[in-house]
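Heads up: the structure comes next, in structure tokens.
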Protein chains: 2
Amino acid sequence: MKDKFAQRASLVKSSETREILKVTERPEVISFAGGLPAPELFPVEAMNDACRAVLNEDGAASLQYSTTEGYIPLREAISKRMQDIGIESTVSNILITSGSQQAIDLTGRLFLNDGDVVICESPTYLAAINVFKSYNATFVEVDMDEDGMIMEELEKKLQENPHAKFIYTIPDFQNPTGRTLTRERRQRMIELANAYDVLIVEDNPYGGVRFAGETLPPVKHFDTEGRVIYISTFSKIFAPGLRIGWVCADEAFIDKYVAFKQVADLHTDSFAQRVTAKYMELYDIEEHIQKIKAVYKERCTQMLSCIEEFFPENLSYSKPEGGLFIWVELPQGIDSAHIFSECLKNNVACVPGTPFFPNGTRNNALRLNYSNMSAEQIVEGMKRMGDVLHRELTRETTVL
Amino acid sequence: MKDKFAQRASLVKSSETREILKVTERPEVISFAGGLPAPELFPVEAMNDACRAVLNEDGAASLQYSTTEGYIPLREAISKRMQDIGIESTVSNILITSGSQQAIDLTGRLFLNDGDVVICESPTYLAAINVFKSYNATFVEVDMDEDGMIMEELEKKLQENPHAKFIYTIPDFQNPTGRTLTRERRQRMIELANAYDVLIVEDNPYGGVRFAGETLPPVKHFDTEGRVIYISTFSKIFAPGLRIGWVCADEAFIDKYVAFKQVADLHTDSFAQRVTAKYMELYDIEEHIQKIKAVYKERCTQMLSCIEEFFPENLSYSKPEGGLFIWVELPQGIDSAHIFSECLKNNVACVPGTPFFPNGTRNNALRLNYSNMSAEQIVEGMKRMGDVLHRELTRETTVL
């Protein structure tokens, strides 16, 4: 049989990180590698109530085909929640997607021609890189500091790439860095997008999980020309397994998203949509989110003090006010892949930073996840990792 | 703002049929237009039990992120069910998708370059046409008779299109015609695919719902070279709302499907996968399918005898042995879109046949769905439709 694959099939490889995650699943490994919410916080009992209520009240409808746009009461609840953070919308601006991953994929599908330029933070979310690569995009990375993407750098890149299609940004507790874009920079990003006529794709899965500092309005809050496509999800505030995400954008965009969503999978699971809406009707999701925040704050604080205590001094790291991740930058010349394999020998795991740079330009950083391990596991794992780092960073210094 | 859409955005329009279905939702309309299973047959109580059991036994895991390939016990159950119909597989051959629609979409994404030739039955499934169009495919239609795709015609098309990528076929109770490909033709299709080095995409959502005649092995049963990509779903035998479909193919293909599935939506709803598997563990799905078959048989028989009784004689129609649809072919020169709008004035709906022909070459057929209306509604609706057809077919004859 001749090779039958389309050209684009060569653009997506089985994710490196996915392979890494498989290795880290050995029970003796303390893993800071994944990006999983704490499963012990999932509202299992409430979910049981919501399932029963949906099946009792609307059993047949919840199991039947439904509209591509999504369940109206769920879209209404989302619209209301978004209003609370400063985004005005109606249900017509909202499409329910199969997780925010599908919203990112549909965005690539709708907007990216071969070779189109995507401007993004350096580093950025791995699974978004894989989506945009699958549409053969070109990546232009913009440097960050602890306040997120640097606007002077962004403007330079916009000048150099007058046909850039969109800016992809994760403004709150970015994956992988945990950094948050300041209010001033959000406003400036909109001004630049208007001036250079590019779209902004605002991916905001973590914004709901802020456990310190002041809540900032989303970039879309400052949008004056309908340029911001806002993407979010219930994965970090309810249950990722249900795959309920959404995209919020101008109706002219949403119409096309709906047409392609229909092609992609007809509609998102009717039952999961109704159960999510029912959960918010029966329970106070804000109360649930407070519990998540308290636990993540404790774990993040624990991990940060472990870095202080157990890690060498010649590295820097982010101090997130929410989300799931801490980013550790090692001295120049240290190879994170090597650190990763040494860590694994010591039964502790993280993600080497290289795959988060779409052009593969840097390799001396690590992503640590704190949401999925207990405080005790964090202490033990960070000790193990600290041992490796002390040894490897000293050795490297000696060699240099 | 300049137009930002990618070129491919113009390849997908909001589905005509979807717009049609909206019109037919008026409560006074008896609709044979949709393709919906009978909701009164959904096992709502059993679903309740399955949800409770999953949440009690594996609550956290069922709400957490899971593997892209899908829940192993579900893939094992599918593998076993496929063995019963003559397909040998292991879990490594199976990827769970968000409905069979996503399996079709991933197939287009993996295999179709711009302009690639898809060979299909004429007419064929509308939503598959929309998928392949979205990848800018060229359609080569093969004529059918009551025994499905005509193999001599297929061979001619294969000769004329030596670079055709795949044959897309719905062998059992095809949508829209309700026709079934004979055993001999299935074997011949494999011979031709081998000889002309093309893939076969076997879309089999209805095979489980045979209510008359002898069960035939799937085309994949005869596959000798791993050329058949088999796609199916729980939508017609359990609950379409849950969006649980699958693709079964050689591992080398599945590896690539998995990579693109991960890009598309990470994985299918963990909870829905576990609930589906749990349902099959707690209940006998075959018993449930028997109930579906009995009802569909009654409704199909009812609709066929209404055609005999109420429709004019100068038309032909299929006599399905399963599935959801009857296909009515009107005399040459009759415009099905006109018939549709006259029917709608009479408060009865069907789908005009034109959109099922990817190249738009024919317009004198109608698709009727019998699964979603009661026997009483079928009688009343068919009377109304018969009145329109008598009037319109007589008028046309007079004019001609």
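Within each chain, counting starts at residue 1; across the structure tokens, chains are named A, B, ... in the order shown, with ligands numbered 1 upward in that order.
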If you run DSSP on the backbone, which residues of stretch 25-243 of chain B are strand (DSSP E or B), as a count of residues only? 39
For the contact check between chain B and chain A, emit one row per residue of chain B within 7 Å, containing the shortest atom pair and the distance in Å rounded to one decimal, counting only C-alpha atoms, chain then rising number order, as JSON lines.
{"residue": "B:Met1", "atom": "CA", "partner": "A:Asp197", "partner_atom": "CA", "distance": 6.2}
{"residue": "B:Lys4", "atom": "CA", "partner": "A:Phe111", "partner_atom": "CA", "distance": 6.2}
{"residue": "B:Phe5", "atom": "CA", "partner": "A:Phe111", "partner_atom": "CA", "distance": 4.5}
{"residue": "B:Ala6", "atom": "CA", "partner": "A:Phe111", "partner_atom": "CA", "distance": 4.4}
{"residue": "B:Gln7", "atom": "CA", "partner": "A:Asn113", "partner_atom": "CA", "distance": 6.7}
{"residue": "B:Ala9", "atom": "CA", "partner": "A:Leu110", "partner_atom": "CA", "distance": 5.5}
{"residue": "B:Val12", "atom": "CA", "partner": "A:Ala259", "partner_atom": "CA", "distance": 6.5}
{"residue": "B:Lys13", "atom": "CA", "partner": "A:Ala259", "partner_atom": "CA", "distance": 6.2}
{"residue": "B:Ser14", "atom": "CA", "partner": "A:Ala259", "partner_atom": "CA", "distance": 5.0}
{"residue": "B:Pro39", "atom": "CA", "partner": "A:Ala60", "partner_atom": "CA", "distance": 5.4}
{"residue": "B:Glu40", "atom": "CA", "partner": "A:Ala60", "partner_atom": "CA", "distance": 6.7}
{"residue": "B:Phe42", "atom": "CA", "partner": "A:Ala60", "partner_atom": "CA", "distance": 6.3}
{"residue": "B:Val44", "atom": "CA", "partner": "A:Gly59", "partner_atom": "CA", "distance": 5.7}
{"residue": "B:Asn48", "atom": "CA", "partner": "A:Arg52", "partner_atom": "CA", "distance": 6.3}
{"residue": "B:Arg52", "atom": "CA", "partner": "A:Asn48", "partner_atom": "CA", "distance": 6.3}
{"residue": "B:Leu55", "atom": "CA", "partner": "A:Val44", "partner_atom": "CA", "distance": 6.5}
{"residue": "B:Gly59", "atom": "CA", "partner": "A:Val44", "partner_atom": "CA", "distance": 5.7}
{"residue": "B:Ala60", "atom": "CA", "partner": "A:Pro39", "partner_atom": "CA", "distance": 5.4}
{"residue": "B:Ser62", "atom": "CA", "partner": "A:Gly241", "partner_atom": "CA", "distance": 6.4}
{"residue": "B:Leu63", "atom": "CA", "partner": "A:Gly241", "partner_atom": "CA", "distance": 4.2}
{"residue": "B:Gln64", "atom": "CA", "partner": "A:Gly241", "partner_atom": "CA", "distance": 4.4}
{"residue": "B:Tyr65", "atom": "CA", "partner": "A:Gly241", "partner_atom": "CA", "distance": 4.8}
{"residue": "B:Ser66", "atom": "CA", "partner": "A:Gly241", "partner_atom": "CA", "distance": 6.9}
{"residue": "B:Ser98", "atom": "CA", "partner": "A:Asp265", "partner_atom": "CA", "distance": 6.2}
{"residue": "B:Gly99", "atom": "CA", "partner": "A:Asp265", "partner_atom": "CA", "distance": 6.4}
{"residue": "B:Gln101", "atom": "CA", "partner": "A:Asp265", "partner_atom": "CA", "distance": 5.0}
{"residue": "B:Gln102", "atom": "CA", "partner": "A:Asp265", "partner_atom": "CA", "distance": 4.7}
{"residue": "B:Asp105", "atom": "CA", "partner": "A:Ala264", "partner_atom": "CA", "distance": 5.7}
{"residue": "B:Leu110", "atom": "CA", "partner": "A:Ala9", "partner_atom": "CA", "distance": 5.4}
{"residue": "B:Phe111", "atom": "CA", "partner": "A:Ala6", "partner_atom": "CA", "distance": 4.4}
{"residue": "B:Leu112", "atom": "CA", "partner": "A:Ala6", "partner_atom": "CA", "distance": 5.2}
{"residue": "B:Asn113", "atom": "CA", "partner": "A:Ala6", "partner_atom": "CA", "distance": 5.1}
{"residue": "B:Ala127", "atom": "CA", "partner": "A:Val263", "partner_atom": "CA", "distance": 6.7}
{"residue": "B:Asn130", "atom": "CA", "partner": "A:Val263", "partner_atom": "CA", "distance": 6.4}
{"residue": "B:Val131", "atom": "CA", "partner": "A:Val263", "partner_atom": "CA", "distance": 5.4}
{"residue": "B:Asp197", "atom": "CA", "partner": "A:Met1", "partner_atom": "CA", "distance": 6.2}
{"residue": "B:Ala239", "atom": "CA", "partner": "A:Leu63", "partner_atom": "CA", "distance": 5.2}
{"residue": "B:Pro240", "atom": "CA", "partner": "A:Gln64", "partner_atom": "CA", "distance": 5.4}
{"residue": "B:Gly241", "atom": "CA", "partner": "A:Leu63", "partner_atom": "CA", "distance": 4.2}
{"residue": "B:Leu242", "atom": "CA", "partner": "A:Asp269", "partner_atom": "CA", "distance": 4.8}
{"residue": "B:Arg243", "atom": "CA", "partner": "A:Asp269", "partner_atom": "CA", "distance": 5.5}
{"residue": "B:Ala259", "atom": "CA", "partner": "A:Ser14", "partner_atom": "CA", "distance": 5.0}
{"residue": "B:Phe260", "atom": "CA", "partner": "A:Val12", "partner_atom": "CA", "distance": 6.9}
{"residue": "B:Val263", "atom": "CA", "partner": "A:Val131", "partner_atom": "CA", "distance": 5.4}
{"residue": "B:Ala264", "atom": "CA", "partner": "A:Gln102", "partner_atom": "CA", "distance": 5.4}
{"residue": "B:Asp265", "atom": "CA", "partner": "A:Gln102", "partner_atom": "CA", "distance": 4.7}
{"residue": "B:Leu266", "atom": "CA", "partner": "A:Gln101", "partner_atom": "CA", "distance": 6.6}
{"residue": "B:Asp269", "atom": "CA", "partner": "A:Leu242", "partner_atom": "CA", "distance": 4.8}
{"residue": "B:Ser270", "atom": "CA", "partner": "A:Gly241", "partner_atom": "CA", "distance": 4.9}
{"residue": "B:Phe271", "atom": "CA", "partner": "A:Leu242", "partner_atom": "CA", "distance": 6.2}
For stretch 139-154 of chain B, please output as a list of chain:residue names all residues within 6 Å (counting only C-alpha atoms; exclusion window: fewer than 3 positions along the same chain).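 Answer for this query is B:Val117, B:Val118, B:Ile119, B:Cys120, B:Glu121, B:Ser122, B:Lys157, B:Arg179, B:Thr180, B:Leu181, B:Thr182.
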Dump N, CA, C and O atoms for the selected residues as a PDB file, in the first residue's frame?
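Final output, out.pdb:
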ATOM      1  N   VAL B 117      -9.440  12.996  -4.344  1.00  0.00           N
ATOM      2  CA  VAL B 117     -10.708  12.400  -4.772  1.00  0.00           C
ATOM      3  C   VAL B 117     -11.262  11.454  -3.702  1.00  0.00           C
ATOM      4  O   VAL B 117     -10.569  10.542  -3.247  1.00  0.00           O
ATOM      5  N   VAL B 118     -12.518  11.705  -3.318  1.00  0.00           N
ATOM      6  CA  VAL B 118     -13.275  10.793  -2.467  1.00  0.00           C
ATOM      7  C   VAL B 118     -14.340  10.139  -3.344  1.00  0.00           C
ATOM      8  O   VAL B 118     -15.110  10.840  -4.005  1.00  0.00           O
ATOM      9  N   ILE B 119     -14.349   8.822  -3.356  1.00  0.00           N
ATOM     10  CA  ILE B 119     -15.358   8.090  -4.113  1.00  0.00           C
ATOM     11  C   ILE B 119     -16.470   7.698  -3.149  1.00  0.00           C
ATOM     12  O   ILE B 119     -16.205   7.182  -2.055  1.00  0.00           O
ATOM     13  N   CYS B 120     -17.701   7.990  -3.513  1.00  0.00           N
ATOM     14  CA  CYS B 120     -18.788   7.731  -2.569  1.00  0.00           C
ATOM     15  C   CYS B 120     -20.045   7.288  -3.293  1.00  0.00           C
ATOM     16  O   CYS B 120     -20.155   7.432  -4.516  1.00  0.00           O
ATOM     17  N   GLU B 121     -20.966   6.748  -2.503  1.00  0.00           N
ATOM     18  CA  GLU B 121     -22.265   6.416  -3.053  1.00  0.00           C
ATOM     19  C   GLU B 121     -22.986   7.692  -3.480  1.00  0.00           C
ATOM     20  O   GLU B 121     -22.801   8.757  -2.880  1.00  0.00           O
ATOM     21  N   SER B 122     -23.817   7.573  -4.482  1.00  0.00           N
ATOM     22  CA  SER B 122     -24.594   8.711  -4.955  1.00  0.00           C
ATOM     23  C   SER B 122     -26.068   8.353  -4.793  1.00  0.00           C
ATOM     24  O   SER B 122     -26.560   7.507  -5.530  1.00  0.00           O
ATOM     25  N   LYS B 157     -15.010   4.170 -12.115  1.00  0.00           N
ATOM     26  CA  LYS B 157     -14.555   5.417 -11.464  1.00  0.00           C
ATOM     27  C   LYS B 157     -13.122   5.277 -10.946  1.00  0.00           C
ATOM     28  O   LYS B 157     -12.343   6.226 -10.962  1.00  0.00           O
ATOM     29  N   ARG B 179     -30.590   1.737   1.779  1.00  0.00           N
ATOM     30  CA  ARG B 179     -30.176   0.535   1.036  1.00  0.00           C
ATOM     31  C   ARG B 179     -28.981  -0.156   1.684  1.00  0.00           C
ATOM     32  O   ARG B 179     -28.173   0.490   2.347  1.00  0.00           O
ATOM     33  N   THR B 180     -28.856  -1.465   1.427  1.00  0.00           N
ATOM     34  CA  THR B 180     -27.782  -2.270   2.002  1.00  0.00           C
ATOM     35  C   THR B 180     -26.969  -2.936   0.901  1.00  0.00           C
ATOM     36  O   THR B 180     -27.524  -3.500  -0.043  1.00  0.00           O
ATOM     37  N   LEU B 181     -25.658  -2.845   1.038  1.00  0.00           N
ATOM     38  CA  LEU B 181     -24.733  -3.448   0.088  1.00  0.00           C
ATOM     39  C   LEU B 181     -24.727  -4.963   0.287  1.00  0.00           C
ATOM     40  O   LEU B 181     -24.601  -5.438   1.413  1.00  0.00           O
ATOM     41  N   THR B 182     -24.842  -5.706  -0.799  1.00  0.00           N
ATOM     42  CA  THR B 182     -24.870  -7.173  -0.677  1.00  0.00           C
ATOM     43  C   THR B 182     -23.503  -7.720  -0.271  1.00  0.00           C
ATOM     44  O   THR B 182     -22.481  -7.061  -0.431  1.00  0.00           O
TER      45      THR B 182
END
Neighbours of B:Leu330 within 6 Å (only C-alpha atoms; same-chain residues fewer than 6 positions away dropped), as a tab-separated table (two decimals) with all heavy atoms, in the first residue's frame?
chain	number	residue	atom	x	y	z
B	315	LEU	N	-43.75	6.75	-8.62
B	315	LEU	CA	-42.50	7.03	-7.90
B	315	LEU	C	-41.98	5.70	-7.37
B	315	LEU	O	-42.72	4.71	-7.30
B	315	LEU	CB	-42.71	8.06	-6.78
B	315	LEU	CG	-43.90	7.93	-5.84
B	315	LEU	CD1	-43.73	6.78	-4.86
B	315	LEU	CD2	-44.09	9.24	-5.06
B	364	ASN	N	-34.61	15.18	-7.54
B	364	ASN	CA	-35.97	14.64	-7.54
B	364	ASN	C	-36.17	13.49	-6.54
B	364	ASN	O	-36.84	12.51	-6.84
B	364	ASN	CB	-36.36	14.16	-8.95
B	364	ASN	CG	-35.45	13.05	-9.44
B	364	ASN	OD1	-34.28	13.02	-9.10
B	364	ASN	ND2	-36.01	12.13	-10.21
B	365	ALA	N	-35.57	13.64	-5.36
B	365	ALA	CA	-35.75	12.58	-4.36
B	365	ALA	C	-36.00	13.20	-2.98
B	365	ALA	O	-35.70	14.38	-2.75
B	365	ALA	CB	-34.52	11.68	-4.33
Could you give me, as a ChimeraX atom specification, each residue of stretch 58-298 of chain B that DSSP assigns to alpha helix (DSSP H) when run on this structure's backbone? /B:58-63,72-84,99-111,126-134,151-160,183-196,251-265,270-282,285-298
Non-local contacts of A:Ile378 (12 Å; only C-alpha atoms; under 4 positions in same chain excluded) as a ChimeraX atom specification: /A:29-32,296,298-307,310,348-350,368-374,382-386
